[in-house]
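S.K.: Here you go, one structure.
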Amino acid sequence: MSLTVFLAVLAAALLHAGWNALIKLGASKMTSMLILTLVQMGMGGIVALAHPLPSSEVWLWLLASGVFHSGYKLFLAYAYEQGDLSRVYPIARGAAPLVVTLISAALLADIILPLEYLAIAVLGCGILMMARGVFTSGESHRLVPLALGSALMTAGYSLVDGLGARISENPAMYVAWLFILDAAFFTPICIALRGRAVLTARKQDWVLGSLAAAGSYAAYAIAVWAMTQAPIALVTALRETSILFAVLLGWLFMGDRIDRTKALAATLIIAGVVLTRL
(Lines give C-alpha, C1' and ligand atoms only; values in the text may rest on other atoms or scores of the structure.)
Protein backbone atom coordinates (compact mmCIF):
# COMPACT_ATOMS: atom_id res chain seq x y z
CA MET A 1 0.00 0.00 0.00
CA SER A 2 1.53 3.32 -1.09
CA LEU A 3 1.53 6.43 1.11
CA THR A 4 -0.99 8.11 -1.22
CA VAL A 5 -3.46 5.23 -0.89
CA PHE A 6 -2.84 5.05 2.87
CA LEU A 7 -3.65 8.74 3.42
CA ALA A 8 -6.64 8.61 1.06
CA VAL A 9 -8.16 5.68 2.97
CA LEU A 10 -7.65 7.51 6.29
CA ALA A 11 -9.49 10.53 4.84
CA ALA A 12 -12.29 8.23 3.71
CA ALA A 13 -12.47 6.80 7.23
CA LEU A 14 -12.98 10.28 8.70
CA LEU A 15 -15.69 11.05 6.15
CA HIS A 16 -17.41 7.74 6.93
CA ALA A 17 -17.51 8.43 10.66
CA GLY A 18 -18.77 11.93 9.94
CA TRP A 19 -21.74 10.87 7.83
CA ASN A 20 -22.74 8.25 10.40
CA ALA A 21 -22.72 10.96 13.08
CA LEU A 22 -25.02 13.10 10.91
CA ILE A 23 -27.45 10.19 10.46
CA LYS A 24 -27.45 9.60 14.22
CA LEU A 25 -28.34 13.27 14.78
CA GLY A 26 -31.45 12.98 12.58
CA ALA A 27 -34.85 12.73 14.25
CA SER A 28 -35.82 9.68 12.16
CA LYS A 29 -32.88 7.41 11.38
CA MET A 30 -34.73 5.64 8.56
CA THR A 31 -35.83 8.91 6.95
CA SER A 32 -32.33 10.34 7.24
CA MET A 33 -30.90 7.22 5.63
CA LEU A 34 -33.46 7.42 2.83
CA ILE A 35 -32.60 11.08 2.18
CA LEU A 36 -28.92 10.14 2.04
CA THR A 37 -29.72 7.38 -0.45
CA LEU A 38 -31.82 9.61 -2.71
CA VAL A 39 -29.21 12.38 -2.76
CA GLN A 40 -26.52 9.83 -3.55
CA MET A 41 -28.64 8.59 -6.43
CA GLY A 42 -28.77 12.12 -7.84
CA MET A 43 -25.01 12.52 -7.47
CA GLY A 44 -24.45 9.15 -9.06
CA GLY A 45 -26.72 10.05 -11.96
CA ILE A 46 -24.67 13.17 -12.71
CA VAL A 47 -21.40 11.23 -12.60
CA ALA A 48 -22.86 8.40 -14.71
CA LEU A 49 -23.69 10.84 -17.51
CA ALA A 50 -19.99 11.59 -17.91
CA HIS A 51 -19.03 7.94 -18.36
CA PRO A 52 -19.96 5.10 -20.72
CA LEU A 53 -22.48 2.50 -19.60
CA PRO A 54 -21.11 -0.47 -17.65
CA SER A 55 -20.23 -3.49 -19.74
CA SER A 56 -22.38 -6.61 -19.52
CA GLU A 57 -20.05 -8.46 -17.11
CA VAL A 58 -20.15 -5.54 -14.65
CA TRP A 59 -23.94 -5.40 -14.24
CA LEU A 60 -24.16 -8.53 -12.09
CA TRP A 61 -21.59 -7.08 -9.70
CA LEU A 62 -23.53 -3.81 -9.57
CA LEU A 63 -26.84 -5.57 -8.86
CA ALA A 64 -25.25 -7.56 -6.04
CA SER A 65 -23.70 -4.37 -4.69
CA GLY A 66 -27.05 -2.59 -4.67
CA VAL A 67 -28.57 -5.41 -2.61
CA PHE A 68 -25.71 -5.43 -0.11
CA HIS A 69 -25.69 -1.63 0.27
CA SER A 70 -29.44 -1.56 0.83
CA GLY A 71 -29.17 -4.26 3.49
CA TYR A 72 -26.30 -2.41 5.14
CA LYS A 73 -28.27 0.83 5.42
CA LEU A 74 -31.38 -0.96 6.65
CA PHE A 75 -29.57 -2.79 9.47
CA LEU A 76 -27.62 0.35 10.39
CA ALA A 77 -30.71 2.57 10.61
CA TYR A 78 -32.45 0.08 12.89
CA ALA A 79 -29.31 -0.27 15.03
CA TYR A 80 -29.02 3.49 15.53
CA GLU A 81 -32.57 3.46 16.84
CA GLN A 82 -31.35 1.12 19.62
CA GLY A 83 -27.99 2.59 20.67
CA ASP A 84 -25.55 5.48 20.42
CA LEU A 85 -22.83 6.16 17.87
CA SER A 86 -19.88 4.97 19.95
CA ARG A 87 -21.55 1.57 20.57
CA VAL A 88 -23.31 0.74 17.31
CA TYR A 89 -20.58 1.96 14.99
CA PRO A 90 -17.74 -0.20 16.42
CA ILE A 91 -19.81 -3.38 16.21
CA ALA A 92 -21.15 -2.55 12.75
CA ARG A 93 -17.67 -1.87 11.40
CA GLY A 94 -15.69 -4.31 13.52
CA ALA A 95 -16.60 -7.71 12.17
CA ALA A 96 -16.41 -6.75 8.49
CA PRO A 97 -12.60 -6.78 7.96
CA LEU A 98 -12.28 -10.15 9.67
CA VAL A 99 -14.88 -11.70 7.34
CA VAL A 100 -13.29 -10.03 4.32
CA THR A 101 -9.84 -11.29 5.28
CA LEU A 102 -10.98 -14.90 5.59
CA ILE A 103 -12.79 -14.82 2.26
CA SER A 104 -9.95 -12.97 0.51
CA ALA A 105 -7.41 -15.50 1.74
CA ALA A 106 -9.56 -18.43 0.65
CA LEU A 107 -10.97 -17.26 -2.66
CA LEU A 108 -9.07 -14.27 -4.07
CA ALA A 109 -5.61 -13.76 -5.56
CA ASP A 110 -4.60 -10.89 -3.26
CA ILE A 111 -1.25 -11.44 -1.56
CA ILE A 112 -1.36 -10.48 2.12
CA LEU A 113 1.83 -10.70 4.15
CA PRO A 114 1.97 -12.13 7.71
CA LEU A 115 2.55 -8.66 9.18
CA GLU A 116 -0.53 -7.39 7.38
CA TYR A 117 -2.57 -10.23 8.89
CA LEU A 118 -1.23 -9.15 12.29
CA ALA A 119 -2.29 -5.57 11.55
CA ILE A 120 -5.80 -6.75 10.66
CA ALA A 121 -5.96 -8.88 13.83
CA VAL A 122 -4.88 -5.98 16.05
CA LEU A 123 -7.40 -3.69 14.40
CA GLY A 124 -10.11 -6.31 14.87
CA CYS A 125 -9.29 -6.74 18.59
CA GLY A 126 -9.43 -3.01 19.16
CA ILE A 127 -12.73 -2.66 17.33
CA LEU A 128 -14.37 -5.54 19.18
CA MET A 129 -13.13 -4.22 22.52
CA MET A 130 -14.66 -0.86 21.64
CA ALA A 131 -18.06 -2.56 21.45
CA ARG A 132 -17.74 -4.40 24.76
CA GLY A 133 -19.50 -1.71 26.75
CA VAL A 134 -22.87 -2.58 25.26
CA PHE A 135 -23.05 -5.53 27.67
CA THR A 136 -22.14 -3.53 30.79
CA SER A 137 -23.76 -0.14 30.26
CA GLY A 138 -27.40 -1.17 30.29
CA GLU A 139 -27.93 -0.38 26.61
CA SER A 140 -30.33 -2.40 24.48
CA HIS A 141 -28.83 -5.73 23.47
CA ARG A 142 -31.05 -5.66 20.39
CA LEU A 143 -28.53 -3.37 18.74
CA VAL A 144 -25.95 -6.20 18.64
CA PRO A 145 -27.61 -8.49 16.03
CA LEU A 146 -28.65 -5.44 14.01
CA ALA A 147 -25.12 -4.06 14.02
CA LEU A 148 -23.71 -7.49 13.17
CA GLY A 149 -26.13 -7.71 10.27
CA SER A 150 -24.75 -4.40 9.06
CA ALA A 151 -21.21 -5.79 9.40
CA LEU A 152 -22.05 -8.82 7.25
CA MET A 153 -23.52 -6.54 4.58
CA THR A 154 -20.35 -4.42 4.75
CA ALA A 155 -18.20 -7.50 4.18
CA GLY A 156 -20.42 -8.46 1.25
CA TYR A 157 -20.28 -5.15 -0.55
CA SER A 158 -16.55 -4.70 0.17
CA LEU A 159 -15.73 -7.91 -1.66
CA VAL A 160 -18.26 -7.38 -4.45
CA ASP A 161 -17.25 -3.77 -5.09
CA GLY A 162 -13.53 -4.43 -4.88
CA LEU A 163 -13.82 -7.10 -7.57
CA GLY A 164 -16.50 -5.30 -9.57
CA ALA A 165 -14.49 -2.06 -9.74
CA ARG A 166 -11.44 -3.98 -10.94
CA ILE A 167 -13.46 -5.68 -13.67
CA SER A 168 -15.06 -2.39 -14.72
CA GLU A 169 -11.66 -0.62 -14.89
CA ASN A 170 -13.58 2.59 -14.10
CA PRO A 171 -14.16 3.09 -10.34
CA ALA A 172 -15.98 6.43 -10.80
CA MET A 173 -18.52 4.89 -13.19
CA TYR A 174 -18.90 1.85 -10.96
CA VAL A 175 -19.61 3.86 -7.80
CA ALA A 176 -22.11 6.08 -9.64
CA TRP A 177 -24.18 3.13 -10.81
CA LEU A 178 -24.04 1.25 -7.53
CA PHE A 179 -25.62 4.22 -5.76
CA ILE A 180 -28.32 4.47 -8.43
CA LEU A 181 -29.19 0.80 -7.95
CA ASP A 182 -28.93 1.13 -4.18
CA ALA A 183 -31.66 3.78 -4.25
CA ALA A 184 -33.80 1.63 -6.55
CA PHE A 185 -33.72 -1.18 -3.95
CA PHE A 186 -33.68 0.79 -0.70
CA THR A 187 -36.52 3.25 -1.38
CA PRO A 188 -39.35 0.70 -1.83
CA ILE A 189 -38.03 -1.28 1.16
CA CYS A 190 -38.27 1.81 3.37
CA ILE A 191 -41.80 2.58 2.19
CA ALA A 192 -42.89 -1.03 2.70
CA LEU A 193 -41.53 -1.10 6.26
CA ARG A 194 -42.48 2.39 7.47
CA GLY A 195 -45.20 3.53 5.09
CA ARG A 196 -45.24 6.78 3.12
CA ALA A 197 -44.60 8.69 6.34
CA VAL A 198 -40.92 7.83 5.89
CA LEU A 199 -40.92 10.30 2.98
CA THR A 200 -41.97 13.16 5.26
CA ALA A 201 -38.97 15.16 6.44
CA ARG A 202 -38.13 18.55 7.89
CA LYS A 203 -35.74 21.01 6.25
CA GLN A 204 -33.18 20.12 8.90
CA ASP A 205 -33.45 16.44 7.98
CA TRP A 206 -32.78 17.23 4.33
CA VAL A 207 -29.74 19.33 5.26
CA LEU A 208 -28.26 16.62 7.50
CA GLY A 209 -29.10 13.87 5.02
CA SER A 210 -27.60 15.77 2.10
CA LEU A 211 -24.38 16.50 4.00
CA ALA A 212 -24.21 12.84 5.01
CA ALA A 213 -24.74 11.81 1.38
CA ALA A 214 -21.85 13.98 0.19
CA GLY A 215 -19.55 12.56 2.86
CA SER A 216 -20.67 9.00 2.19
CA TYR A 217 -20.28 9.29 -1.57
CA ALA A 218 -16.79 10.75 -1.30
CA ALA A 219 -15.73 8.21 1.32
CA TYR A 220 -16.85 5.22 -0.69
CA ALA A 221 -15.53 6.52 -3.99
CA ILE A 222 -12.10 6.81 -2.36
CA ALA A 223 -12.43 3.33 -0.83
CA VAL A 224 -13.41 1.65 -4.11
CA TRP A 225 -10.54 3.38 -5.92
CA ALA A 226 -8.16 2.24 -3.15
CA MET A 227 -9.36 -1.36 -3.56
CA THR A 228 -8.16 -1.21 -7.16
CA GLN A 229 -4.70 -0.16 -5.95
CA ALA A 230 -4.14 -2.36 -2.87
CA PRO A 231 -5.41 -5.67 -1.36
CA ILE A 232 -9.13 -5.50 -0.59
CA ALA A 233 -8.76 -6.93 2.92
CA LEU A 234 -6.05 -4.42 3.85
CA VAL A 235 -8.04 -1.44 2.56
CA THR A 236 -11.14 -2.69 4.40
CA ALA A 237 -9.19 -3.06 7.65
CA LEU A 238 -7.58 0.37 7.40
CA ARG A 239 -11.00 1.93 6.79
CA GLU A 240 -11.95 0.70 10.26
CA THR A 241 -9.87 3.50 11.77
CA SER A 242 -13.16 5.34 11.31
CA ILE A 243 -13.99 3.74 14.68
CA LEU A 244 -11.52 6.09 16.35
CA PHE A 245 -12.99 9.08 14.54
CA ALA A 246 -16.54 8.03 15.46
CA VAL A 247 -15.65 7.73 19.15
CA LEU A 248 -14.10 11.19 19.10
CA LEU A 249 -17.14 12.67 17.35
CA GLY A 250 -19.44 10.97 19.86
CA TRP A 251 -17.41 12.36 22.76
CA LEU A 252 -17.07 15.90 21.38
CA PHE A 253 -20.56 16.44 19.98
CA MET A 254 -22.94 13.83 21.41
CA GLY A 255 -21.92 13.53 25.04
CA ASP A 256 -20.64 9.94 24.78
CA ARG A 257 -18.43 8.90 27.69
CA ILE A 258 -14.86 7.76 27.06
CA ASP A 259 -13.85 5.07 29.58
CA ARG A 260 -10.70 2.94 29.94
CA THR A 261 -12.02 0.26 27.62
CA LYS A 262 -12.62 2.75 24.85
CA ALA A 263 -9.18 4.32 25.40
CA LEU A 264 -7.45 0.93 25.22
CA ALA A 265 -9.44 -0.02 22.13
CA ALA A 266 -8.45 3.25 20.46
CA THR A 267 -4.79 2.48 21.25
CA LEU A 268 -5.09 -0.93 19.60
CA ILE A 269 -6.66 0.63 16.53
CA ILE A 270 -3.79 3.11 16.23
CA ALA A 271 -1.30 0.23 16.65
CA GLY A 272 -3.03 -1.66 13.86
CA VAL A 273 -2.78 1.37 11.57
CA VAL A 274 0.95 1.68 12.30
CA LEU A 275 1.46 -2.01 11.48
CA THR A 276 -0.15 -1.54 8.06
CA ARG A 277 2.67 0.91 7.23
CA LEU A 278 5.62 -1.27 8.31
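In the C-alpha coordinates, each chain is lettered A, B, ... as it comes, each chain's residues begin at 1, and ligands are numbered from 1 in order of appearance.
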Skipping near chain neighbours, those fewer than 5 positions away, what residues fall within 12 Å of Gly162 in chain A using only C-alpha atoms, listed as a PyMOL selection string?
M.R.: chain A and resi 58+61-62+65+100+104+108+110+154-157+167-171+174-175+220-236
S.K.: Include N, CA and C atoms and write out the residues we just selected as a tab-separated table (two decimals), in the first residue's frame.
M.R.:
```tsv
chain	number	residue	atom	x	y	z
A	58	VAL	N	-20.18	-6.36	-15.87
A	58	VAL	CA	-20.15	-5.54	-14.65
A	58	VAL	C	-21.53	-5.44	-14.00
A	61	TRP	N	-22.28	-7.59	-10.89
A	61	TRP	CA	-21.59	-7.08	-9.70
A	61	TRP	C	-22.34	-5.87	-9.14
A	62	LEU	N	-22.80	-5.00	-10.01
A	62	LEU	CA	-23.53	-3.81	-9.57
A	62	LEU	C	-24.86	-4.18	-8.90
A	65	SER	N	-24.11	-5.48	-5.54
A	65	SER	CA	-23.70	-4.37	-4.69
A	65	SER	C	-24.91	-3.58	-4.20
A	100	VAL	N	-13.92	-10.29	5.62
A	100	VAL	CA	-13.29	-10.03	4.32
A	100	VAL	C	-11.94	-10.72	4.21
A	104	SER	N	-11.01	-13.36	1.44
A	104	SER	CA	-9.95	-12.97	0.51
A	104	SER	C	-8.84	-14.02	0.48
A	108	LEU	N	-9.61	-15.29	-3.16
A	108	LEU	CA	-9.07	-14.27	-4.07
A	108	LEU	C	-7.57	-14.43	-4.26
A	110	ASP	N	-5.36	-11.91	-3.98
A	110	ASP	CA	-4.60	-10.89	-3.26
A	110	ASP	C	-3.53	-11.54	-2.38
A	154	THR	N	-21.57	-5.16	5.08
A	154	THR	CA	-20.35	-4.42	4.75
A	154	THR	C	-19.31	-5.35	4.13
A	155	ALA	N	-19.14	-6.53	4.74
A	155	ALA	CA	-18.20	-7.50	4.18
A	155	ALA	C	-18.61	-7.89	2.77
A	156	GLY	N	-19.93	-8.08	2.57
A	156	GLY	CA	-20.42	-8.46	1.25
A	156	GLY	C	-20.14	-7.42	0.20
A	157	TYR	N	-20.48	-6.16	0.49
A	157	TYR	CA	-20.28	-5.15	-0.55
A	157	TYR	C	-18.81	-4.80	-0.73
A	167	ILE	N	-12.97	-5.18	-12.38
A	167	ILE	CA	-13.46	-5.68	-13.67
A	167	ILE	C	-13.92	-4.52	-14.56
A	168	SER	N	-14.55	-3.53	-13.95
A	168	SER	CA	-15.06	-2.39	-14.72
A	168	SER	C	-13.94	-1.51	-15.26
A	169	GLU	N	-12.80	-1.48	-14.54
A	169	GLU	CA	-11.66	-0.62	-14.89
A	169	GLU	C	-12.05	0.85	-14.90
A	170	ASN	N	-13.12	1.19	-14.19
A	170	ASN	CA	-13.58	2.59	-14.10
A	170	ASN	C	-14.29	2.78	-12.77
A	171	PRO	N	-13.54	2.99	-11.67
A	171	PRO	CA	-14.16	3.09	-10.34
A	171	PRO	C	-15.22	4.18	-10.24
A	174	TYR	N	-18.38	2.94	-11.77
A	174	TYR	CA	-18.90	1.85	-10.96
A	174	TYR	C	-19.63	2.38	-9.73
A	175	VAL	N	-19.00	3.31	-9.02
A	175	VAL	CA	-19.61	3.86	-7.80
A	175	VAL	C	-20.90	4.60	-8.14
A	220	TYR	N	-16.83	6.52	-0.03
A	220	TYR	CA	-16.85	5.22	-0.69
A	220	TYR	C	-16.17	5.26	-2.05
A	221	ALA	N	-16.25	6.39	-2.73
A	221	ALA	CA	-15.53	6.52	-3.99
A	221	ALA	C	-14.03	6.35	-3.77
A	222	ILE	N	-13.52	6.96	-2.70
A	222	ILE	CA	-12.10	6.81	-2.36
A	222	ILE	C	-11.79	5.35	-2.04
A	223	ALA	N	-12.67	4.71	-1.25
A	223	ALA	CA	-12.43	3.33	-0.83
A	223	ALA	C	-12.41	2.38	-2.02
A	224	VAL	N	-13.36	2.54	-2.94
A	224	VAL	CA	-13.41	1.65	-4.11
A	224	VAL	C	-12.17	1.86	-4.99
A	225	TRP	N	-11.77	3.12	-5.17
A	225	TRP	CA	-10.54	3.38	-5.92
A	225	TRP	C	-9.35	2.71	-5.24
A	226	ALA	N	-9.28	2.83	-3.90
A	226	ALA	CA	-8.16	2.24	-3.15
A	226	ALA	C	-8.13	0.73	-3.32
A	227	MET	N	-9.31	0.10	-3.40
A	227	MET	CA	-9.36	-1.36	-3.56
A	227	MET	C	-8.89	-1.82	-4.93
A	228	THR	N	-8.76	-0.87	-5.88
A	228	THR	CA	-8.16	-1.21	-7.16
A	228	THR	C	-6.64	-1.03	-7.14
A	229	GLN	N	-6.13	-0.44	-6.06
A	229	GLN	CA	-4.70	-0.16	-5.95
A	229	GLN	C	-3.98	-1.01	-4.90
A	230	ALA	N	-4.73	-1.61	-3.98
A	230	ALA	CA	-4.14	-2.36	-2.87
A	230	ALA	C	-5.06	-3.53	-2.53
A	231	PRO	N	-4.57	-4.53	-1.74
A	231	PRO	CA	-5.41	-5.67	-1.36
A	231	PRO	C	-6.71	-5.25	-0.69
A	232	ILE	N	-7.82	-5.87	-1.10
A	232	ILE	CA	-9.13	-5.50	-0.59
A	232	ILE	C	-9.19	-5.61	0.93
A	233	ALA	N	-8.69	-6.71	1.47
A	233	ALA	CA	-8.76	-6.93	2.92
A	233	ALA	C	-8.00	-5.87	3.69
A	234	LEU	N	-6.85	-5.43	3.16
A	234	LEU	CA	-6.05	-4.42	3.85
A	234	LEU	C	-6.73	-3.06	3.81
A	235	VAL	N	-7.30	-2.70	2.66
A	235	VAL	CA	-8.04	-1.44	2.56
A	235	VAL	C	-9.23	-1.46	3.51
A	236	THR	N	-9.96	-2.58	3.53
A	236	THR	CA	-11.14	-2.69	4.40
A	236	THR	C	-10.75	-2.54	5.87
```
S.K.: Which of range 25-133 of chain A counts as alpha helix (DSSP H) under DSSP, as an NGL selection string please?
M.R.: :A and (25 or 29-49 or 56-80 or 85-107 or 114-130)
S.K.: So which residues touch Ser216 in chain A within 7 Å, counting only C-alpha atoms, skipping near sequence neighbours fewer than 4 positions away, as a list of chain:residue names?
M.R.: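 Within the cut-off, the hits are A:Leu15, A:His16, A:Trp19, A:Ala212, A:Tyr220.
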S.K.: Using only C-alpha atoms, pick whichever of A:Leu152, A:Ile243, A:Ala219, A:Ala77 has the shortest atom-to-atom distance to Gly26 in chain A.
M.R.: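 Of the candidates, the smallest distance to Gly26 in chain A is held by A:Ala77.
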S.K.: Which neighbours of Cys125 in chain A fall inside 12 Å, counting only C-alpha atoms, when residues of the same chain fewer than 5 positions from it are skipped, and could you give them as a list in words?
M.R.: Pro90, Ile91, Gly94, Ala95, Pro97, Leu98, Leu118, Ala119, Ile120, Met130, Ala131, Arg132, Ala237, Glu240, Thr261, Lys262, Leu264, Ala265, Ala266, Thr267, Leu268, Ile269, Ile270, Ala271 and Gly272 of chain A
S.K.: With only C-alpha atoms as the counted atoms, please give the residues lying no more than 10 Å from Ala64 in chain A, apart from itself and same-chain residues fewer than 3 positions off, as a ChimeraX atom specification.
M.R.: /A:59-61,67-69,156-157,160-161,164,178,181-182
S.K.: Can you tell me, as a list in words, what residues are no more than 12 Å from Gly215 in chain A when counting only C-alpha atoms, ignoring any on the same chain fewer than 6 positions away?
M.R.: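 Once the adjacent positions are removed, what remains is Ala11, Ala12, Ala13, Leu14, Leu15, His16, Ala17, Gly18, Trp19, Asn20, Ala21, Leu22, Ile23, Leu36, Thr37, Val39, Gln40, Met43, Leu208, Gly209, Ala221 and Ile222 of chain A.
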S.K.: I'd like the neighbourhood of Pro145 in chain A as a PDB file with N, CA and C atoms, in the first residue's frame, where a residue qualifies if any of its atoms comes within 9 Å (using only C-alpha atoms), though same-chain residues fewer than 4 positions away should be ignored.
M.R.:
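Done, and the output landed in selection.pdb:
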```
ATOM      1  N   PHE A  75     -30.025  -2.328   8.156  1.00  0.00           N
ATOM      2  CA  PHE A  75     -29.568  -2.788   9.468  1.00  0.00           C
ATOM      3  C   PHE A  75     -29.011  -1.630  10.301  1.00  0.00           C
ATOM      4  N   ALA A  79     -30.249  -0.216  13.904  1.00  0.00           N
ATOM      5  CA  ALA A  79     -29.308  -0.273  15.027  1.00  0.00           C
ATOM      6  C   ALA A  79     -29.171   1.075  15.707  1.00  0.00           C
ATOM      7  N   HIS A 141     -29.589  -4.675  24.132  1.00  0.00           N
ATOM      8  CA  HIS A 141     -28.826  -5.729  23.472  1.00  0.00           C
ATOM      9  C   HIS A 141     -29.343  -6.003  22.068  1.00  0.00           C
ATOM     10  N   GLY A 149     -25.556  -7.598  11.602  1.00  0.00           N
ATOM     11  CA  GLY A 149     -26.134  -7.707  10.268  1.00  0.00           C
ATOM     12  C   GLY A 149     -25.551  -6.665   9.330  1.00  0.00           C
ATOM     13  N   SER A 150     -25.378  -5.455   9.849  1.00  0.00           N
ATOM     14  CA  SER A 150     -24.750  -4.397   9.063  1.00  0.00           C
ATOM     15  C   SER A 150     -23.317  -4.768   8.700  1.00  0.00           C
TER      16      SER A 150
END
```
S.K.: For Thr31 in chain A, which residue out of A:Trp206, A:Phe179, A:Tyr89, A:Tyr117 is the nearest one, using only C-alpha atoms?
M.R.: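 Using only C-alpha atoms, Thr31 in chain A sits closest to A:Trp206.
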S.K.: Go ahead and compute the interatomic distance for CA of Leu146 in chain A and CA of Leu34 in chain A, in Å to one decimal.
M.R.: 17.7 Å
S.K.: Kindly indicate which residue among A:Ser70, A:Met173, A:Ser2, A:Ala27 lies nearest to Pro52 in chain A, using only C-alpha atoms for the distances.
M.R.: A:Met173
S.K.: Using only C-alpha atoms, find the one residue out of A:Ala48, A:Leu211, A:Leu123, A:Met1 that sits nearest to Ile111 in chain A.
M.R.: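 Comparing A:Ala48, A:Leu211, A:Leu123, A:Met1 against Ile111 in chain A, the winner is A:Met1.
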